[in-house]
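Enquirer: This one is coords-v2.cif, mmCIF, C-alpha atoms.
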```
data_query
loop_
_atom_site.label_atom_id
_atom_site.label_comp_id
_atom_site.auth_asym_id
_atom_site.auth_seq_id
_atom_site.Cartn_x
_atom_site.Cartn_y
_atom_site.Cartn_z
CA MET N 329 108.16 103.22 118.70
CA PRO N 330 104.64 103.07 120.13
CA ILE N 331 101.79 102.21 117.80
CA GLY N 332 98.67 104.36 117.94
CA PRO N 333 95.13 102.99 118.30
CA PHE N 334 94.23 104.04 114.74
CA THR N 335 97.09 101.94 113.34
CA ILE N 336 96.12 98.95 115.49
CA VAL N 337 92.50 99.10 114.29
CA ALA N 338 93.61 99.62 110.67
CA ILE N 339 95.81 96.52 110.83
CA TYR N 340 92.87 94.49 112.20
CA ILE N 341 90.56 95.72 109.42
CA VAL N 342 93.11 94.74 106.75
CA CYS N 343 93.53 91.30 108.38
CA TRP N 344 89.72 90.90 108.54
CA TRP N 345 89.26 91.65 104.82
CA VAL N 346 92.06 89.32 103.76
CA VAL N 347 90.64 86.51 105.89
CA LEU N 348 87.09 87.22 104.61
CA PHE N 349 88.11 86.65 100.99
CA THR N 350 89.88 83.48 102.08
CA VAL N 351 86.83 82.14 103.98
CA LEU N 352 84.10 83.09 101.46
CA PRO N 353 84.66 80.22 99.01
CA LEU N 354 84.80 77.58 101.77
CA GLY N 355 81.76 75.32 101.90
CA THR N 356 80.55 76.05 98.40
CA THR N 357 80.25 73.26 95.89
CA ARG N 358 80.44 73.12 92.14
CA GLU N 359 77.06 72.01 91.01
CA ARG N 360 74.90 72.48 87.98
CA HIS N 361 72.32 75.16 88.43
CA GLU N 362 69.04 75.50 86.67
CA ARG N 363 68.42 78.71 84.80
CA PRO N 364 67.64 81.36 87.45
CA THR N 365 64.13 82.73 87.13
CA ASP N 366 64.29 85.30 89.93
CA GLY N 367 67.09 87.45 88.47
CA GLY N 368 69.84 85.70 90.45
CA GLN N 369 73.30 84.93 89.15
CA TRP N 370 74.20 81.53 87.68
CA GLY N 371 77.17 80.95 89.96
CA ALA N 372 75.64 82.15 93.23
CA PRO N 373 75.50 79.44 95.92
CA GLU N 374 72.03 78.40 97.08
CA LYS N 375 72.98 78.67 100.77
CA PRO N 376 75.83 81.17 101.19
CA ASP N 377 75.78 80.91 105.05
CA LEU N 378 77.25 84.40 105.43
CA LYS N 379 76.58 84.71 109.17
CA ARG N 380 78.77 81.68 109.94
CA LYS N 381 81.45 82.91 107.55
CA PHE N 382 81.52 86.38 109.12
CA ILE N 383 81.85 84.88 112.61
CA THR N 384 84.62 82.57 111.42
CA THR N 385 86.32 85.50 109.68
CA THR N 386 86.22 87.57 112.88
CA TRP N 387 87.93 85.04 115.15
CA VAL N 388 90.47 83.90 112.53
CA ALA N 389 91.29 87.55 111.76
CA ALA N 390 91.80 88.14 115.51
CA LEU N 391 94.37 85.32 115.57
CA VAL N 392 96.14 86.65 112.46
CA TRP N 393 96.06 90.19 113.92
CA LEU N 394 97.54 88.93 117.20
CA LEU N 395 100.36 87.21 115.30
CA VAL N 396 101.04 90.38 113.29
CA MET N 397 101.05 92.52 116.45
CA VAL N 398 103.51 90.17 118.16
CA LEU N 399 105.79 90.31 115.12
CA VAL N 400 105.60 94.11 115.07
CA TYR N 401 106.33 94.46 118.80
CA ILE N 402 109.31 92.08 118.79
CA GLY N 403 110.75 93.85 115.74
CA TRP N 404 110.56 91.10 113.12
CA MET N 405 108.08 93.12 111.07
CA PRO N 406 108.73 96.81 111.74
CA LEU N 407 106.22 99.39 110.57
CA PRO N 408 107.60 102.27 108.52
CA ASP N 409 107.78 105.68 110.16
CA LEU N 410 105.62 107.73 107.81
CA ALA N 411 105.74 110.95 109.84
CA PRO N 412 108.05 113.64 108.44
CA PRO N 413 111.09 114.43 110.58
CA VAL N 414 110.62 117.24 113.08
CA PRO N 415 113.05 120.14 112.44
#
```
Kindly present the structure from the file in structure tokens form.

Expert:
Amino acid sequence: MPIGPFTIVAIYIVCWWVVLFTVLPLGTTRERHERPTDGGQWGAPEKPDLKRKFITTTWVAALVWLLVMVLVYIGWMPLPDLAPPVP
């Protein structure tokens, strides 16, 4: 069963989001914060370094996506056929 380009991109987007929420807490420390005076949140990190985390997320998600695609193509993780049967 061939996989369409929409499905391939959708699988990558799901992998990217899962990896993003795994990478976001990395590099943050638990420290005491002073009371925020600029309207910020108490638990927000001072240097979130989002650019580095997005770049890391992109290449790690590409590796996870490649692994998932290999597993789908060799049949270890088949995708369900959601199309209705043709009469």

Enquirer: Tell me which residues the PyMOL selection byres ((chain N and resi 369-372) around 12) grabs here, as a PyMOL selection string.

Expert: chain N and resi 352-353+356-368+373-377

Enquirer: For the PyMOL selection byres ((chain N and resi 330-335) around 10), applied here, can you spell out every residue it catches as a list in words?

Expert: Met329, Ile336, Val337, Ala338, Ile339, Tyr340, Ile341, Met397, Val400, Tyr401 and Leu407 of chain N

Enquirer: Name all residues at most 9 Å from Val392 in chain N (count all atoms listed in the file; drop same-chain ones fewer than 6 positions away) and give them as an MDAnalysis selection string.

Expert: chainID N and resid 340 343:344 347

Enquirer: Please dump the current selection as a PDB file, in the coordinates of the input; keep C-alpha atoms.

Expert:
```
ATOM      1  CA  TYR N 340      92.870  94.490 112.200  1.00  0.00           C
ATOM      2  CA  CYS N 343      93.530  91.300 108.380  1.00  0.00           C
ATOM      3  CA  TRP N 344      89.720  90.900 108.540  1.00  0.00           C
ATOM      4  CA  VAL N 347      90.640  86.510 105.890  1.00  0.00           C
TER       5      VAL N 347
END
```

Enquirer: Please, what distance in Å, to one decimal, runs between CA of Phe349 in chain N and CA of Trp387 in chain N?

Expert: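 CA of Phe349 in chain N sits 14.3 Å away from CA of Trp387 in chain N.
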
Enquirer: Please compute the CA of Ile383 in chain N-CA of Leu348 in chain N distance, one decimal, in Å.

Expert: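 Pair CA of Ile383 in chain N / CA of Leu348 in chain N returns 9.8 Å.
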
Enquirer: Output as JSON the centre and edge lengths (Å, one decimal) of the box along x, y and z of the file that holds every listed atom of range 402-408 of chain N after adding 5 Å on each side.

Expert:
```
{"center_x": 108.5, "center_y": 96.7, "center_z": 113.7, "size_x": 14.5, "size_y": 21.2, "size_z": 20.3}
```

Enquirer: Which distance in Å separates CA of Val342 in chain N and CA of Val398 in chain N, to one decimal?

Expert: 16.1 Å
